[in-house]
>>> print(open('coords29.cif').read())   # mmCIF, C-alpha atoms (C1' of nucleotides)
data_entry
#
loop_
_atom_site.label_atom_id
_atom_site.label_comp_id
_atom_site.auth_asym_id
_atom_site.auth_seq_id
_atom_site.Cartn_x
_atom_site.Cartn_y
_atom_site.Cartn_z
CA MET E 1 -99.72 -187.70 -115.11
CA SER E 2 -101.12 -185.12 -112.73
CA THR E 3 -102.78 -186.37 -109.56
CA TYR E 4 -103.61 -189.87 -110.64
CA HIS E 5 -106.07 -191.69 -108.44
CA PRO E 6 -106.34 -195.46 -108.83
CA PRO E 7 -109.90 -196.77 -109.21
CA ARG E 8 -111.21 -198.72 -106.26
CA GLU E 9 -110.78 -202.12 -107.92
CA ASP E 10 -107.12 -201.43 -108.44
CA LEU E 11 -106.27 -200.81 -104.80
CA ALA E 12 -103.57 -203.29 -103.88
CA LEU E 13 -103.00 -204.50 -100.36
CA PRO E 14 -99.18 -204.44 -100.45
CA ALA E 15 -99.20 -200.88 -101.76
CA VAL E 16 -101.66 -199.75 -99.10
CA LEU E 17 -99.68 -201.43 -96.33
CA HIS E 18 -96.50 -199.90 -97.63
CA ALA E 19 -98.11 -196.47 -97.78
CA LEU E 20 -99.19 -196.84 -94.16
CA SER E 21 -95.85 -198.16 -92.95
CA ASP E 22 -94.17 -194.77 -92.78
CA PRO E 23 -94.56 -192.76 -89.57
CA GLN E 24 -95.10 -189.43 -91.31
CA ARG E 25 -97.74 -190.86 -93.61
CA LEU E 26 -99.37 -192.64 -90.72
CA ARG E 27 -99.61 -189.31 -88.97
CA ILE E 28 -101.30 -187.76 -91.98
CA VAL E 29 -103.86 -190.54 -92.08
CA ARG E 30 -104.51 -190.28 -88.35
CA GLU E 31 -105.08 -186.55 -88.56
CA LEU E 32 -107.42 -187.08 -91.48
CA SER E 33 -109.43 -189.62 -89.58
CA ARG E 34 -109.71 -187.46 -86.48
CA ASP E 35 -110.78 -184.49 -88.55
CA PRO E 36 -112.33 -185.71 -91.81
CA GLU E 37 -112.77 -182.20 -93.18
CA PRO E 38 -110.69 -181.97 -96.40
CA ARG E 39 -107.63 -179.91 -95.63
CA PRO E 40 -104.72 -178.46 -97.57
CA CYS E 41 -101.42 -180.33 -97.31
CA GLY E 42 -99.84 -177.43 -95.52
CA SER E 43 -102.14 -177.82 -92.55
CA PHE E 44 -100.50 -181.08 -91.55
CA LEU E 45 -97.75 -180.66 -89.04
CA LEU E 46 -94.90 -182.92 -90.09
CA ASP E 47 -91.24 -182.48 -89.33
CA VAL E 48 -90.20 -182.75 -92.95
CA SER E 49 -89.63 -180.28 -95.73
CA LYS E 50 -92.26 -179.08 -98.15
CA SER E 51 -91.02 -181.30 -100.95
CA THR E 52 -90.95 -184.34 -98.72
CA LYS E 53 -94.53 -183.60 -97.78
CA THR E 54 -95.47 -183.56 -101.45
CA HIS E 55 -93.77 -186.92 -101.79
CA HIS E 56 -95.70 -188.50 -98.92
CA PHE E 57 -99.01 -187.21 -100.19
CA ARG E 58 -98.25 -188.68 -103.59
CA VAL E 59 -97.46 -192.08 -102.12
CA LEU E 60 -100.72 -192.06 -100.17
CA ARG E 61 -102.69 -190.92 -103.21
CA GLU E 62 -101.18 -193.43 -105.61
CA ALA E 63 -101.83 -196.24 -103.15
CA GLY E 64 -105.46 -195.12 -103.02
CA VAL E 65 -105.47 -194.03 -99.39
CA ILE E 66 -106.31 -190.37 -99.99
CA THR E 67 -107.90 -188.14 -102.58
CA GLN E 68 -106.62 -184.73 -103.52
CA ARG E 69 -108.60 -182.06 -105.29
CA VAL E 70 -107.45 -178.61 -106.23
CA LEU E 71 -109.02 -175.54 -104.68
CA GLY E 72 -107.30 -172.30 -105.51
CA THR E 73 -103.63 -172.66 -104.78
CA SER E 74 -104.37 -175.43 -102.32
CA LYS E 75 -104.94 -179.12 -102.71
CA LEU E 76 -107.56 -180.49 -100.40
CA THR E 77 -106.85 -183.91 -99.05
CA SER E 78 -109.35 -186.43 -97.77
CA LEU E 79 -109.36 -190.07 -96.81
CA ARG E 80 -110.78 -192.59 -99.29
CA ARG E 81 -112.51 -194.24 -96.43
CA GLU E 82 -115.40 -195.72 -98.36
CA ASP E 83 -113.18 -197.26 -101.02
CA LEU E 84 -110.78 -198.61 -98.44
CA ASP E 85 -113.57 -200.07 -96.34
CA GLN E 86 -115.14 -201.74 -99.33
CA ARG E 87 -111.93 -203.16 -100.66
CA PHE E 88 -110.22 -203.99 -97.36
CA PRO E 89 -112.93 -204.21 -94.69
CA GLY E 90 -111.74 -203.35 -91.23
CA LEU E 91 -108.19 -202.65 -92.29
CA LEU E 92 -108.14 -198.90 -91.93
CA ASP E 93 -109.98 -199.00 -88.62
CA ALA E 94 -107.57 -201.58 -87.25
CA VAL E 95 -104.58 -199.56 -88.36
CA LEU E 96 -105.99 -196.39 -86.86
CA ALA E 97 -106.87 -198.10 -83.60
CA SER E 98 -103.40 -199.62 -83.46
CA ALA E 99 -101.83 -196.26 -84.12
CA GLU E 100 -103.60 -194.82 -81.10
CA THR E 101 -101.69 -197.20 -78.86
CA PRO E 102 -98.98 -195.10 -77.25
CA VAL E 103 -95.47 -196.19 -78.02
CA ALA E 104 -93.60 -197.49 -75.02
CA VAL E 105 -91.19 -194.81 -73.86
CA PRO E 106 -87.92 -195.93 -72.28
CA ALA E 107 -87.43 -194.80 -68.68
CA MET U 108 -77.64 -211.89 -82.61
CA SER U 109 -79.24 -215.22 -83.36
CA THR U 110 -82.98 -215.29 -83.83
CA TYR U 111 -83.94 -212.21 -81.87
CA HIS U 112 -87.62 -211.91 -81.05
CA PRO U 113 -88.89 -208.52 -79.89
CA PRO U 114 -91.00 -208.62 -76.71
CA ARG U 115 -94.66 -207.87 -77.22
CA GLU U 116 -94.47 -204.33 -75.87
CA ASP U 117 -91.85 -203.47 -78.44
CA LEU U 118 -93.91 -204.39 -81.48
CA ALA U 119 -94.11 -201.28 -83.63
CA LEU U 120 -96.91 -200.63 -86.06
CA PRO U 121 -94.77 -199.22 -88.90
CA ALA U 122 -92.45 -202.22 -88.72
CA VAL U 123 -95.34 -204.66 -88.75
CA LEU U 124 -97.02 -202.91 -91.67
CA HIS U 125 -93.76 -202.85 -93.54
CA ALA U 126 -93.21 -206.54 -92.87
CA LEU U 127 -96.66 -207.29 -94.25
CA SER U 128 -96.29 -205.04 -97.28
CA ASP U 129 -94.23 -207.51 -99.27
CA PRO U 130 -96.10 -210.08 -101.40
CA GLN U 131 -93.80 -212.97 -100.49
CA ARG U 132 -94.04 -212.25 -96.80
CA LEU U 133 -97.76 -211.80 -97.06
CA ARG U 134 -97.96 -215.23 -98.60
CA ILE U 135 -96.00 -216.72 -95.72
CA VAL U 136 -98.35 -215.17 -93.21
CA ARG U 137 -101.41 -216.33 -95.12
CA GLU U 138 -100.13 -219.90 -95.23
CA LEU U 139 -99.39 -219.75 -91.54
CA SER U 140 -102.87 -218.57 -90.74
CA ARG U 141 -104.54 -221.20 -92.89
CA ASP U 142 -102.41 -223.92 -91.32
CA PRO U 143 -101.24 -222.80 -87.87
CA GLU U 144 -99.09 -225.89 -87.35
CA PRO U 145 -95.49 -224.72 -86.93
CA ARG U 146 -93.64 -225.54 -90.13
CA PRO U 147 -90.07 -225.41 -91.36
CA CYS U 148 -89.20 -222.51 -93.66
CA GLY U 149 -88.60 -224.88 -96.53
CA SER U 150 -92.23 -225.95 -96.58
CA PHE U 151 -93.35 -222.55 -97.84
CA LEU U 152 -93.60 -222.36 -101.58
CA LEU U 153 -92.14 -219.05 -102.64
CA ASP U 154 -90.58 -218.20 -105.96
CA VAL U 155 -87.41 -216.87 -104.43
CA SER U 156 -84.06 -218.37 -103.58
CA LYS U 157 -83.16 -220.00 -100.29
CA SER U 158 -81.24 -216.99 -99.05
CA THR U 159 -84.05 -214.64 -99.94
CA LYS U 160 -86.39 -216.83 -97.96
CA THR U 161 -84.11 -216.54 -94.97
CA HIS U 162 -84.23 -212.78 -95.41
CA HIS U 163 -88.03 -212.63 -95.45
CA PHE U 164 -88.34 -214.82 -92.39
CA ARG U 165 -85.94 -212.56 -90.55
CA VAL U 166 -87.92 -209.46 -91.44
CA LEU U 167 -91.12 -211.06 -90.22
CA ARG U 168 -89.46 -212.27 -87.03
CA GLU U 169 -87.79 -208.98 -86.20
CA ALA U 170 -91.06 -207.16 -86.72
CA GLY U 171 -92.68 -209.57 -84.27
CA VAL U 172 -95.00 -211.23 -86.75
CA ILE U 173 -93.62 -214.76 -86.43
CA THR U 174 -91.66 -216.89 -84.02
CA GLN U 175 -88.99 -219.33 -85.03
CA ARG U 176 -87.68 -222.16 -82.92
CA VAL U 177 -85.05 -224.67 -83.86
CA LEU U 178 -85.86 -228.36 -84.21
CA GLY U 179 -83.11 -230.48 -85.59
CA THR U 180 -81.84 -228.90 -88.77
CA SER U 181 -85.13 -227.13 -89.22
CA LYS U 182 -86.54 -223.93 -87.86
CA LEU U 183 -90.21 -224.11 -87.07
CA THR U 184 -92.15 -220.99 -87.81
CA SER U 185 -95.42 -219.91 -86.25
CA LEU U 186 -97.53 -216.79 -86.17
CA ARG U 187 -97.37 -214.58 -83.06
CA ARG U 188 -101.09 -214.27 -83.26
CA GLU U 189 -101.73 -213.66 -79.59
CA ASP U 190 -99.13 -210.93 -79.30
CA LEU U 191 -100.30 -209.28 -82.48
CA ASP U 192 -103.93 -209.40 -81.41
CA GLN U 193 -103.14 -207.92 -78.04
CA ARG U 194 -100.97 -205.17 -79.37
CA PHE U 195 -102.85 -204.39 -82.59
CA PRO U 196 -106.40 -205.71 -82.17
CA GLY U 197 -108.05 -206.70 -85.41
CA LEU U 198 -105.08 -205.78 -87.55
CA LEU U 199 -103.90 -209.24 -88.52
CA ASP U 200 -107.43 -210.46 -89.19
CA ALA U 201 -108.15 -207.45 -91.37
CA VAL U 202 -104.96 -207.94 -93.32
CA LEU U 203 -105.63 -211.64 -93.78
CA ALA U 204 -109.22 -211.03 -94.84
CA SER U 205 -108.05 -208.36 -97.27
CA ALA U 206 -105.43 -210.69 -98.67
CA GLU U 207 -108.12 -213.23 -99.51
CA THR U 208 -109.71 -210.76 -101.89
CA PRO U 209 -108.69 -211.95 -105.35
CA VAL U 210 -106.66 -209.49 -107.34
CA ALA U 211 -108.46 -208.17 -110.37
CA VAL U 212 -107.12 -209.95 -113.42
CA PRO U 213 -107.04 -208.03 -116.70
CA ALA U 214 -109.12 -209.56 -119.48
"C1'" DC F 215 -67.65 -241.58 -91.13
"C1'" DA F 216 -69.89 -239.85 -95.25
"C1'" DT F 217 -73.78 -237.67 -97.14
"C1'" DA F 218 -78.11 -235.46 -97.27
"C1'" DT F 219 -81.03 -231.95 -95.56
"C1'" DT F 220 -81.99 -227.41 -93.78
"C1'" DG F 221 -80.99 -223.09 -93.13
"C1'" DT F 222 -77.50 -219.00 -92.41
"C1'" DT F 223 -73.84 -215.81 -93.69
"C1'" DC F 224 -71.59 -212.99 -96.77
"C1'" DG F 225 -70.83 -210.02 -100.31
"C1'" DA F 226 -72.83 -207.97 -104.41
"C1'" DT F 227 -76.24 -205.70 -107.41
"C1'" DG F 228 -79.83 -202.89 -109.00
"C1'" DA F 229 -84.06 -200.77 -107.38
"C1'" DT F 230 -86.63 -198.12 -104.38
"C1'" DC F 231 -87.03 -194.98 -100.47
"C1'" DG F 232 -87.05 -190.81 -97.50
"C1'" DT F 233 -85.02 -186.71 -97.36
"C1'" DC F 234 -83.40 -182.17 -98.86
"C1'" DG F 235 -82.92 -177.51 -101.34
"C1'" DT F 236 -83.66 -174.90 -105.27
"C1'" DA F 237 -86.29 -173.54 -108.82
"C1'" DC F 238 -90.68 -173.23 -110.83
"C1'" DA F 239 -95.96 -172.86 -111.53
"C1'" DA F 240 -100.48 -171.37 -110.31
"C1'" DT F 241 -103.62 -168.77 -107.82
"C1'" DT F 242 -105.00 -165.23 -104.63
"C1'" DG F 243 -105.09 -160.61 -102.86
"C1'" DA F 244 -103.44 -155.95 -102.11
"C1'" DT Q 245 -99.22 -155.43 -111.53
"C1'" DC Q 246 -96.63 -157.14 -107.74
"C1'" DA Q 247 -96.11 -159.93 -103.87
"C1'" DA Q 248 -97.54 -163.67 -101.00
"C1'" DT Q 249 -99.22 -168.33 -100.61
"C1'" DT Q 250 -99.39 -173.13 -101.82
"C1'" DG Q 251 -97.77 -176.75 -103.80
"C1'" DT Q 252 -94.88 -179.40 -107.69
"C1'" DA Q 253 -90.71 -180.77 -110.42
"C1'" DC Q 254 -86.13 -181.92 -110.46
"C1'" DG Q 255 -81.93 -183.59 -109.28
"C1'" DA Q 256 -79.21 -185.32 -105.73
"C1'" DC Q 257 -77.85 -187.87 -101.49
"C1'" DG Q 258 -77.27 -191.74 -98.45
"C1'" DA Q 259 -80.00 -195.61 -96.67
"C1'" DT Q 260 -82.58 -199.49 -97.08
"C1'" DC Q 261 -84.54 -203.23 -99.84
"C1'" DA Q 262 -85.32 -207.58 -102.44
"C1'" DT Q 263 -82.77 -210.50 -104.80
"C1'" DC Q 264 -79.04 -213.76 -105.98
"C1'" DG Q 265 -75.20 -217.41 -105.70
"C1'" DA Q 266 -71.55 -219.42 -103.34
"C1'" DA Q 267 -69.73 -220.92 -99.26
"C1'" DC Q 268 -70.52 -222.45 -94.71
"C1'" DA Q 269 -72.65 -224.65 -90.32
"C1'" DA Q 270 -75.45 -227.90 -87.93
"C1'" DT Q 271 -78.00 -231.88 -87.60
"C1'" DA Q 272 -79.85 -236.30 -89.32
"C1'" DT Q 273 -79.39 -240.57 -91.53
"C1'" DG Q 274 -77.19 -244.16 -94.17
#
>>> encode(input="coords29.cif", output="structure tokens")
Amino acid sequence: MSTYHPPREDLALPAVLHALSDPQRLRIVRELSRDPEPRPCGSFLLDVSKSTKTHHFRVLREAGVITQRVLGTSKLTSLRREDLDQRFPGLLDAVLASAETPVAVPA
Amino acid sequence: MSTYHPPREDLALPAVLHALSDPQRLRIVRELSRDPEPRPCGSFLLDVSKSTKTHHFRVLREAGVITQRVLGTSKLTSLRREDLDQRFPGLLDAVLASAETPVAVPA
DNA sequence: CATATTGTTCGATGATCGTCGTACAATTGA
DNA sequence: TCAATTGTACGACGATCATCGAACAATATG
């Protein structure tokens, strides 16, 4: 049960899109792409509680978007960029590029 | 209230990704891209009821993925390809290309 | 006018989701 | 050994979701 990672062939588009459709998770993925160095979950600045963070990382992992490996008391997270690019060419890049677009702020 | 279409600037990435994360809606979008001719909702073959269809078309419309315009008793649906491409370059194409990938079928 | 045809509206239902706090587990370090 | 750090597990909560059927509305067509 612990830290299941789906094999590349099992990555499903709806699950990946769903994983990326949450603002907090999108932020995680953006940070990971800007700084690909594997980082502990705690180093991501999200305005949610610790347990909610755990939840979001699980959703991303089970959709195949990230990998997590234990190191001491930490869990290092990295993007499964290669798998994503193989399975869904151009998708991650398009999402990341789209996420860079600033949101229109009301006057 | 009737048939609201968000202006291009208001298209939000999470909403679009969420709209595309459902298999039925993904199928609608794929059909629309293969055959860009505006079609009535009824011409899409989904294994859901009429009212559920209405629901999915509303989600897609409110996310800015499709347009719907009335013609007689029908409602013609088309992809907002230009708006999507401007706002989220490459996203729709990547999603569509990824959706073409056949799902692995268990032996 | 009567009847299809096409789609919406309106609950309702069961499932999933995002969020939280508390308690717990595991490792590190003094 | 004791305390700090890092993350998980477990309910629980309200919100949203995908789905349905039945009733309704609007337009065509006979």
>>> residues_near_point(input="coords29.cif", point="(-77.0, -209.9, -105.4)", cutoff="9 Å", atoms="only C-alpha atoms (C1' of nucleotides)", output="list in words")
DG225, DA226, DT227 and DG228 of chain F; DT263, DC264 and DG265 of chain Q
>>> write_last_selection(input="coords29.cif", atoms="C-alpha atoms (C1' of nucleotides)", output="short mmCIF file (atom, residue, chain, number, x, y, z; two decimals), in the frame of the given file")
data_model
loop_
_atom_site.label_atom_id
_atom_site.label_comp_id
_atom_site.auth_asym_id
_atom_site.auth_seq_id
_atom_site.Cartn_x
_atom_site.Cartn_y
_atom_site.Cartn_z
"C1'" DG F 225 -70.83 -210.02 -100.31
"C1'" DA F 226 -72.83 -207.97 -104.41
"C1'" DT F 227 -76.24 -205.70 -107.41
"C1'" DG F 228 -79.83 -202.89 -109.00
"C1'" DT Q 263 -82.77 -210.50 -104.80
"C1'" DC Q 264 -79.04 -213.76 -105.98
"C1'" DG Q 265 -75.20 -217.41 -105.70
#
>>> interface_residues(input="coords29.cif", of="chain U", to="chain F", cutoff="10 Å", atoms="all atoms listed in the file", output="PyMOL selection string")
chain U and resi 109+147-149+157-158+160-162+179-182
>>> calpha_fit_and_write(input="coords29.cif", fixed="chain U", moving="chain E", output="PDB file with C-alpha atoms, in the frame of the given file")
ATOM      1  CA  MET E   1     -77.646-211.844 -82.430  1.00  0.00           C
ATOM      2  CA  SER E   2     -79.213-215.159 -83.344  1.00  0.00           C
ATOM      3  CA  THR E   3     -82.969-215.251 -83.842  1.00  0.00           C
ATOM      4  CA  TYR E   4     -83.923-212.191 -81.884  1.00  0.00           C
ATOM      5  CA  HIS E   5     -87.589-211.888 -81.063  1.00  0.00           C
ATOM      6  CA  PRO E   6     -88.869-208.501 -79.910  1.00  0.00           C
ATOM      7  CA  PRO E   7     -90.977-208.592 -76.735  1.00  0.00           C
ATOM      8  CA  ARG E   8     -94.646-207.875 -77.229  1.00  0.00           C
ATOM      9  CA  GLU E   9     -94.452-204.320 -75.879  1.00  0.00           C
ATOM     10  CA  ASP E  10     -91.846-203.460 -78.450  1.00  0.00           C
ATOM     11  CA  LEU E  11     -93.910-204.383 -81.491  1.00  0.00           C
ATOM     12  CA  ALA E  12     -94.108-201.284 -83.647  1.00  0.00           C
ATOM     13  CA  LEU E  13     -96.925-200.633 -86.059  1.00  0.00           C
ATOM     14  CA  PRO E  14     -94.799-199.222 -88.903  1.00  0.00           C
ATOM     15  CA  ALA E  15     -92.467-202.209 -88.732  1.00  0.00           C
ATOM     16  CA  VAL E  16     -95.361-204.665 -88.749  1.00  0.00           C
ATOM     17  CA  LEU E  17     -97.038-202.912 -91.670  1.00  0.00           C
ATOM     18  CA  HIS E  18     -93.779-202.849 -93.546  1.00  0.00           C
ATOM     19  CA  ALA E  19     -93.222-206.539 -92.874  1.00  0.00           C
ATOM     20  CA  LEU E  20     -96.675-207.293 -94.257  1.00  0.00           C
ATOM     21  CA  SER E  21     -96.311-205.057 -97.296  1.00  0.00           C
ATOM     22  CA  ASP E  22     -94.258-207.524 -99.306  1.00  0.00           C
ATOM     23  CA  PRO E  23     -96.130-210.096-101.398  1.00  0.00           C
ATOM     24  CA  GLN E  24     -93.838-212.991-100.521  1.00  0.00           C
ATOM     25  CA  ARG E  25     -94.048-212.265 -96.815  1.00  0.00           C
ATOM     26  CA  LEU E  26     -97.778-211.812 -97.061  1.00  0.00           C
ATOM     27  CA  ARG E  27     -97.965-215.249 -98.599  1.00  0.00           C
ATOM     28  CA  ILE E  28     -96.002-216.729 -95.723  1.00  0.00           C
ATOM     29  CA  VAL E  29     -98.346-215.162 -93.204  1.00  0.00           C
ATOM     30  CA  ARG E  30    -101.414-216.344 -95.100  1.00  0.00           C
ATOM     31  CA  GLU E  31    -100.143-219.901 -95.233  1.00  0.00           C
ATOM     32  CA  LEU E  32     -99.384-219.759 -91.533  1.00  0.00           C
ATOM     33  CA  SER E  33    -102.856-218.576 -90.730  1.00  0.00           C
ATOM     34  CA  ARG E  34    -104.529-221.222 -92.865  1.00  0.00           C
ATOM     35  CA  ASP E  35    -102.407-223.930 -91.312  1.00  0.00           C
ATOM     36  CA  PRO E  36    -101.231-222.800 -87.868  1.00  0.00           C
ATOM     37  CA  GLU E  37     -99.097-225.890 -87.332  1.00  0.00           C
ATOM     38  CA  PRO E  38     -95.466-224.706 -86.930  1.00  0.00           C
ATOM     39  CA  ARG E  39     -93.636-225.557 -90.111  1.00  0.00           C
ATOM     40  CA  PRO E  40     -90.067-225.404 -91.367  1.00  0.00           C
ATOM     41  CA  CYS E  41     -89.215-222.507 -93.677  1.00  0.00           C
ATOM     42  CA  GLY E  42     -88.625-224.872 -96.536  1.00  0.00           C
ATOM     43  CA  SER E  43     -92.245-225.948 -96.585  1.00  0.00           C
ATOM     44  CA  PHE E  44     -93.365-222.560 -97.844  1.00  0.00           C
ATOM     45  CA  LEU E  45     -93.638-222.369-101.576  1.00  0.00           C
ATOM     46  CA  LEU E  46     -92.183-219.043-102.652  1.00  0.00           C
ATOM     47  CA  ASP E  47     -90.639-218.197-105.979  1.00  0.00           C
ATOM     48  CA  VAL E  48     -87.450-216.879-104.446  1.00  0.00           C
ATOM     49  CA  SER E  49     -84.107-218.379-103.596  1.00  0.00           C
ATOM     50  CA  LYS E  50     -83.223-220.009-100.313  1.00  0.00           C
ATOM     51  CA  SER E  51     -81.287-217.002 -99.082  1.00  0.00           C
ATOM     52  CA  THR E  52     -84.090-214.640 -99.965  1.00  0.00           C
ATOM     53  CA  LYS E  53     -86.428-216.844 -97.984  1.00  0.00           C
ATOM     54  CA  THR E  54     -84.139-216.548 -94.980  1.00  0.00           C
ATOM     55  CA  HIS E  55     -84.251-212.795 -95.426  1.00  0.00           C
ATOM     56  CA  HIS E  56     -88.050-212.633 -95.470  1.00  0.00           C
ATOM     57  CA  PHE E  57     -88.364-214.819 -92.411  1.00  0.00           C
ATOM     58  CA  ARG E  58     -85.946-212.561 -90.580  1.00  0.00           C
ATOM     59  CA  VAL E  59     -87.927-209.456 -91.465  1.00  0.00           C
ATOM     60  CA  LEU E  60     -91.132-211.076 -90.225  1.00  0.00           C
ATOM     61  CA  ARG E  61     -89.450-212.285 -87.042  1.00  0.00           C
ATOM     62  CA  GLU E  62     -87.783-208.988 -86.211  1.00  0.00           C
ATOM     63  CA  ALA E  63     -91.057-207.150 -86.737  1.00  0.00           C
ATOM     64  CA  GLY E  64     -92.665-209.565 -84.281  1.00  0.00           C
ATOM     65  CA  VAL E  65     -95.001-211.238 -86.753  1.00  0.00           C
ATOM     66  CA  ILE E  66     -93.606-214.760 -86.424  1.00  0.00           C
ATOM     67  CA  THR E  67     -91.648-216.898 -84.014  1.00  0.00           C
ATOM     68  CA  GLN E  68     -88.961-219.326 -85.030  1.00  0.00           C
ATOM     69  CA  ARG E  69     -87.664-222.164 -82.921  1.00  0.00           C
ATOM     70  CA  VAL E  70     -85.031-224.678 -83.845  1.00  0.00           C
ATOM     71  CA  LEU E  71     -85.874-228.345 -84.202  1.00  0.00           C
ATOM     72  CA  GLY E  72     -83.100-230.473 -85.588  1.00  0.00           C
ATOM     73  CA  THR E  73     -81.832-228.893 -88.755  1.00  0.00           C
ATOM     74  CA  SER E  74     -85.139-227.125 -89.220  1.00  0.00           C
ATOM     75  CA  LYS E  75     -86.548-223.924 -87.855  1.00  0.00           C
ATOM     76  CA  LEU E  76     -90.211-224.110 -87.066  1.00  0.00           C
ATOM     77  CA  THR E  77     -92.152-220.995 -87.811  1.00  0.00           C
ATOM     78  CA  SER E  78     -95.409-219.900 -86.252  1.00  0.00           C
ATOM     79  CA  LEU E  79     -97.522-216.785 -86.167  1.00  0.00           C
ATOM     80  CA  ARG E  80     -97.360-214.575 -83.068  1.00  0.00           C
ATOM     81  CA  ARG E  81    -101.071-214.272 -83.244  1.00  0.00           C
ATOM     82  CA  GLU E  82    -101.714-213.665 -79.572  1.00  0.00           C
ATOM     83  CA  ASP E  83     -99.104-210.928 -79.296  1.00  0.00           C
ATOM     84  CA  LEU E  84    -100.288-209.279 -82.477  1.00  0.00           C
ATOM     85  CA  ASP E  85    -103.917-209.408 -81.410  1.00  0.00           C
ATOM     86  CA  GLN E  86    -103.127-207.929 -78.037  1.00  0.00           C
ATOM     87  CA  ARG E  87    -100.950-205.176 -79.366  1.00  0.00           C
ATOM     88  CA  PHE E  88    -102.849-204.395 -82.573  1.00  0.00           C
ATOM     89  CA  PRO E  89    -106.396-205.724 -82.156  1.00  0.00           C
ATOM     90  CA  GLY E  90    -108.051-206.701 -85.386  1.00  0.00           C
ATOM     91  CA  LEU E  91    -105.092-205.791 -87.537  1.00  0.00           C
ATOM     92  CA  LEU E  92    -103.914-209.237 -88.501  1.00  0.00           C
ATOM     93  CA  ASP E  93    -107.436-210.466 -89.165  1.00  0.00           C
ATOM     94  CA  ALA E  94    -108.166-207.471 -91.365  1.00  0.00           C
ATOM     95  CA  VAL E  95    -104.967-207.960 -93.308  1.00  0.00           C
ATOM     96  CA  LEU E  96    -105.649-211.648 -93.774  1.00  0.00           C
ATOM     97  CA  ALA E  97    -109.232-211.044 -94.832  1.00  0.00           C
ATOM     98  CA  SER E  98    -108.066-208.378 -97.261  1.00  0.00           C
ATOM     99  CA  ALA E  99    -105.454-210.703 -98.662  1.00  0.00           C
ATOM    100  CA  GLU E 100    -108.135-213.246 -99.485  1.00  0.00           C
ATOM    101  CA  THR E 101    -109.714-210.785-101.890  1.00  0.00           C
ATOM    102  CA  PRO E 102    -108.690-211.963-105.341  1.00  0.00           C
ATOM    103  CA  VAL E 103    -106.651-209.500-107.310  1.00  0.00           C
ATOM    104  CA  ALA E 104    -108.416-208.176-110.363  1.00  0.00           C
ATOM    105  CA  VAL E 105    -106.992-209.909-113.413  1.00  0.00           C
ATOM    106  CA  PRO E 106    -106.869-207.951-116.668  1.00  0.00           C
ATOM    107  CA  ALA E 107    -108.901-209.465-119.506  1.00  0.00           C
TER     108      ALA E 107
END
>>> closest_atom_pairs(input="coords29.cif", of="chain U", to="chain E", cutoff="7 Å", atoms="only C-alpha atoms", output="tab-separated table")
residue	atom	partner	partner_atom	distance
U:Glu116	CA	E:Ala104	CA	6.9
U:Leu120	CA	E:Ala99	CA	6.9
U:Pro121	CA	E:Ser21	CA	4.3
U:Ala122	CA	E:Ser21	CA	6.8
U:Leu124	CA	E:Ser21	CA	5.1
U:His125	CA	E:Ser21	CA	5.2
U:Leu127	CA	E:Leu17	CA	6.9
U:Ser128	CA	E:Pro14	CA	4.3
U:Asp129	CA	E:Pro14	CA	5.9
U:Pro130	CA	E:Pro14	CA	6.5
U:Phe195	CA	E:Ser98	CA	4.9
U:Pro196	CA	E:Ala94	CA	6.7
U:Gly197	CA	E:Ala94	CA	5.5
U:Leu198	CA	E:Ala94	CA	4.9
U:Ala201	CA	E:Leu91	CA	4.9
U:Val202	CA	E:Leu91	CA	6.3
U:Ser205	CA	E:Phe88	CA	4.9
U:Ala206	CA	E:Leu13	CA	6.9
U:Ala211	CA	E:Glu9	CA	6.9
>>> atom_distance(input="coords29.cif", atom1="atom CA of Phe151 of chain U", atom2="atom C1' of DT260 of chain Q")
25.5 Å
>>> atom_distance(input="coords29.cif", atom1="atom CA of Arg80 of chain E", atom2="atom CA of Thr67 of chain E")
6.2 Å
>>> interface_residues(input="coords29.cif", of="chain Q", to="chain U", cutoff="12 Å", atoms="only C-alpha atoms (C1' of nucleotides)", output="list in words")
DC261, DA262, DT263, DC264, DG265, DA266, DA269, DA270, DT271 and DA272 of chain Q
>>> atom_distance(input="coords29.cif", atom1="atom CA of Arg115 of chain U", atom2="atom CA of Arg137 of chain U")
20.9 Å
>>> resolve_selection(input="coords29.cif", expression="the PyMOL selection byres ((chain E and resi 39) around 6)", output="ChimeraX atom specification")
/E:38,40,76-77
>>> axis_aligned_box(input="coords29.cif", around="segment 127-142 of chain U", padding_each_side="5 Å", output="JSON")
{"center_x": -99.2, "center_y": -214.5, "center_z": -96.1, "size_x": 20.7, "size_y": 28.9, "size_z": 20.7}
>>> closest_residue(input="coords29.cif", among="E:Leu60, E:Thr3, E:Val70, E:Leu84", to="Ile28 of chain E", atoms="only C-alpha atoms")
E:Leu60
